[in-house]
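As structure tokens, the structure follows; a few thoughts come after it.
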Amino acid sequence: MSGIKAAFDAAGSVTVITGGSSGIGRALAGELAGLGGSVHVLDIAPPEDEFEEGVTFHEVDVTNRPALMRVSSEIPGKIDGLVCAAVVQPRTPVLEMPPEEWRRVLDVNVNAVVWCCQAFVPGMVERRRGAVVLFTSGLAVSGYPAASAYSSSKGALQAFARSLAKEVAASRVRVNLLSPGVIDTPQFRAANPGGDLSHWQATTGVGVPQDVVPSLLFLLSDAANLTGSLLTREQVYGRES
């Protein structure tokens, strides 16, 4: 073990991860459990394979605020970290987008994050300790064809995270953003039907979920003595799909 994984002591920590049944959230859950942490995964569906020991799965729709509040009351002990990885990423041109799709993207990508913070951050504030990590994207700034809903949701999260960071800073709770770059996840595959990732491989490169874990471990650790910040790893070279 080397680098941030060696420096990050997860033993005894409790982390909540939304969207942790697959993709980046799944990779982080396994890593934290392997480092001795206790992980609670909130997702609408269970993973395809069994979680590692130390990971507890809660089947919940993160857009359902009352359900999130109920889950928060069922998790024993303190919560040290909250990572909101649940996301939907449809590809529909603006002029063809049905209202329900727009609402769904904002509901999962933005509203659910707000509800999760309302459910889990108050305990951090009370203990004067905790770390929240939210995901944004370079598309929030650059935009991309047929990705207006996703891009808009990620831009909204940047504003939300920085405002929340200022609200809880006096309680020593940190709220930071991670822009992971192009990562080969089920949601990304769904947004690129046919599995053709050649455009992304030629421009930014395509990473795998495990590539993002060290950055997440850093932001969850006490070494990340910052809040309201954006950590960007947009360029990922040398990866193949």
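How things are named: the first chain in the structure tokens is A, the next is B, and so on; residues count from 1 in each chain; ligands count from 1 in the order shown.
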Counting only C-alpha atoms, what is within 12 Å of Glu74 (chain A), bar same-chain residues fewer than 5 positions away, as a short mmCIF file (atom, residue, chain, number, x, y, z; two decimals) with all heavy atoms, in the first residue's frame?
```cif
data_model
loop_
_atom_site.label_atom_id
_atom_site.label_comp_id
_atom_site.auth_asym_id
_atom_site.auth_seq_id
_atom_site.Cartn_x
_atom_site.Cartn_y
_atom_site.Cartn_z
N HIS A 40 -21.94 2.56 4.50
CA HIS A 40 -23.37 2.38 4.25
C HIS A 40 -23.67 2.87 2.85
O HIS A 40 -23.51 4.06 2.56
CB HIS A 40 -24.19 3.13 5.30
CG HIS A 40 -24.06 2.57 6.68
ND1 HIS A 40 -24.94 1.64 7.18
CD2 HIS A 40 -23.13 2.79 7.64
CE1 HIS A 40 -24.56 1.32 8.41
NE2 HIS A 40 -23.47 1.99 8.71
N THR A 56 -22.71 -2.09 4.37
CA THR A 56 -24.14 -2.36 4.58
C THR A 56 -24.94 -1.68 3.47
O THR A 56 -24.74 -0.49 3.20
CB THR A 56 -24.61 -1.83 5.95
OG1 THR A 56 -23.83 -2.43 6.98
CG2 THR A 56 -26.08 -2.15 6.17
N HIS A 58 -28.43 -0.30 1.82
CA HIS A 58 -29.78 0.19 2.12
C HIS A 58 -30.47 0.46 0.79
O HIS A 58 -30.03 1.33 0.03
CB HIS A 58 -29.72 1.48 2.94
CG HIS A 58 -28.95 1.38 4.21
ND1 HIS A 58 -29.55 1.13 5.44
CD2 HIS A 58 -27.62 1.49 4.45
CE1 HIS A 58 -28.63 1.11 6.37
NE2 HIS A 58 -27.45 1.32 5.81
N ALA A 67 -37.66 8.88 3.13
CA ALA A 67 -36.93 7.62 3.21
C ALA A 67 -35.49 7.84 3.63
O ALA A 67 -34.92 7.06 4.41
CB ALA A 67 -36.99 6.90 1.86
N LEU A 68 -34.86 8.90 3.14
CA LEU A 68 -33.50 9.22 3.53
C LEU A 68 -33.42 9.56 5.01
O LEU A 68 -32.49 9.14 5.71
CB LEU A 68 -32.97 10.40 2.72
CG LEU A 68 -32.56 10.11 1.28
CD1 LEU A 68 -32.23 11.40 0.56
CD2 LEU A 68 -31.36 9.17 1.24
N MET A 69 -34.38 10.31 5.50
CA MET A 69 -34.41 10.65 6.92
C MET A 69 -34.55 9.40 7.77
O MET A 69 -33.92 9.27 8.83
CB MET A 69 -35.56 11.63 7.20
CG MET A 69 -35.38 12.98 6.55
SD MET A 69 -33.91 13.85 7.17
CE MET A 69 -33.98 15.37 6.21
N ILE A 79 -21.38 9.59 11.79
CA ILE A 79 -21.06 9.51 10.36
C ILE A 79 -19.95 10.51 10.08
O ILE A 79 -20.08 11.70 10.35
CB ILE A 79 -22.29 9.79 9.49
CG1 ILE A 79 -23.33 8.69 9.68
CG2 ILE A 79 -21.90 9.91 8.02
CD1 ILE A 79 -24.65 8.96 9.00
N ALA A 119 -30.13 15.15 5.69
CA ALA A 119 -30.26 13.96 6.52
C ALA A 119 -29.00 13.66 7.32
O ALA A 119 -29.08 13.23 8.49
CB ALA A 119 -30.62 12.75 5.64
N PHE A 120 -27.82 13.88 6.74
CA PHE A 120 -26.60 13.39 7.36
C PHE A 120 -25.64 14.47 7.88
O PHE A 120 -24.83 14.19 8.76
CB PHE A 120 -25.85 12.49 6.37
CG PHE A 120 -26.62 11.27 5.99
CD1 PHE A 120 -27.21 11.16 4.73
CD2 PHE A 120 -26.78 10.22 6.88
CE1 PHE A 120 -27.94 10.03 4.37
CE2 PHE A 120 -27.51 9.09 6.53
CZ PHE A 120 -28.09 9.00 5.28
#
```
- Task: Please report, as a PyMOL selection string, each residue of region 20-176 of chain A to which DSSP assigns helix (DSSP H, G or I) when run on this structure's backbone.
- Result: chain A and resi 23-34+65-74+94-96+99-127+139-142+148-171
- Would you mind telling me which residue in A:Glu101, A:Asp61, A:Glu48, A:Glu167 lies nearest to Cys116 (chain A) when using only C-alpha atoms?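 Of A:Glu101, A:Asp61, A:Glu48, A:Glu167, the one nearest Cys116 (chain A), counting only C-alpha atoms, is A:Asp61.
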- Considering only C-alpha atoms, state which residue in the set A:Val114, A:Ala140, A:Leu42, A:Ala147 is at the smallest distance from Thr92 (chain A). A:Ala147
- Extract, using only C-alpha atoms, all DNA, RNA and protein residues at most 12 Å from Val213 (chain A), discarding same-chain residues fewer than 3 positions from it, and format them as an MDAnalysis selection string. chainID A and resid 3:5 8 23:32 83 178 180 183 207:210 216:220 233
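Of the residues listed (A:Ser215, A:Ser151, A:Asn64, A:Gln158), A:Gln158 shows the shortest atom-to-atom separation from Leu177 (chain A); distances use only C-alpha atoms.
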- What lies within 7 Å of Ser38 (chain A) using only C-alpha atoms, ignoring chain neighbours under 4 positions off, as a list of chain:residue names? A:Gly12, A:Ser13, A:Val14, A:Thr15, A:Ala33, A:Gly54, A:Val55
Those residues with all heavy atoms, as a PDB file, in the first residue's frame please?
```pdb
ATOM      1  N   GLY A  12     -12.523   2.399  11.934  1.00  0.00           N
ATOM      2  CA  GLY A  12     -13.488   3.016  12.832  1.00  0.00           C
ATOM      3  C   GLY A  12     -14.319   4.111  12.209  1.00  0.00           C
ATOM      4  O   GLY A  12     -15.246   4.620  12.840  1.00  0.00           O
ATOM      5  N   SER A  13     -14.026   4.480  10.974  1.00  0.00           N
ATOM      6  CA  SER A  13     -14.790   5.543  10.323  1.00  0.00           C
ATOM      7  C   SER A  13     -16.101   5.005   9.779  1.00  0.00           C
ATOM      8  O   SER A  13     -16.248   3.814   9.488  1.00  0.00           O
ATOM      9  CB  SER A  13     -13.975   6.163   9.183  1.00  0.00           C
ATOM     10  OG  SER A  13     -13.797   5.228   8.124  1.00  0.00           O
ATOM     11  N   VAL A  14     -17.070   5.896   9.617  1.00  0.00           N
ATOM     12  CA  VAL A  14     -18.374   5.542   9.043  1.00  0.00           C
ATOM     13  C   VAL A  14     -18.649   6.482   7.872  1.00  0.00           C
ATOM     14  O   VAL A  14     -18.650   7.705   8.043  1.00  0.00           O
ATOM     15  CB  VAL A  14     -19.503   5.660  10.083  1.00  0.00           C
ATOM     16  CG1 VAL A  14     -20.842   5.295   9.458  1.00  0.00           C
ATOM     17  CG2 VAL A  14     -19.222   4.773  11.293  1.00  0.00           C
ATOM     18  N   THR A  15     -18.864   5.906   6.711  1.00  0.00           N
ATOM     19  CA  THR A  15     -19.072   6.708   5.502  1.00  0.00           C
ATOM     20  C   THR A  15     -20.363   6.290   4.818  1.00  0.00           C
ATOM     21  O   THR A  15     -20.646   5.091   4.673  1.00  0.00           O
ATOM     22  CB  THR A  15     -17.903   6.532   4.509  1.00  0.00           C
ATOM     23  OG1 THR A  15     -16.680   6.825   5.177  1.00  0.00           O
ATOM     24  CG2 THR A  15     -18.068   7.463   3.313  1.00  0.00           C
ATOM     25  N   ALA A  33     -13.923  -0.231   2.999  1.00  0.00           N
ATOM     26  CA  ALA A  33     -14.108  -1.427   3.804  1.00  0.00           C
ATOM     27  C   ALA A  33     -12.786  -2.170   3.979  1.00  0.00           C
ATOM     28  O   ALA A  33     -12.478  -2.664   5.068  1.00  0.00           O
ATOM     29  CB  ALA A  33     -15.149  -2.343   3.158  1.00  0.00           C
ATOM     30  N   GLY A  54     -18.136  -5.289   5.921  1.00  0.00           N
ATOM     31  CA  GLY A  54     -18.013  -3.920   6.383  1.00  0.00           C
ATOM     32  C   GLY A  54     -18.889  -2.945   5.615  1.00  0.00           C
ATOM     33  O   GLY A  54     -19.000  -1.770   5.991  1.00  0.00           O
ATOM     34  N   VAL A  55     -19.530  -3.437   4.539  1.00  0.00           N
ATOM     35  CA  VAL A  55     -20.429  -2.589   3.738  1.00  0.00           C
ATOM     36  C   VAL A  55     -21.867  -3.035   3.977  1.00  0.00           C
ATOM     37  O   VAL A  55     -22.200  -4.209   3.819  1.00  0.00           O
ATOM     38  CB  VAL A  55     -20.106  -2.675   2.237  1.00  0.00           C
ATOM     39  CG1 VAL A  55     -21.068  -1.787   1.439  1.00  0.00           C
ATOM     40  CG2 VAL A  55     -18.666  -2.279   1.974  1.00  0.00           C
TER      41      VAL A  55
END
```
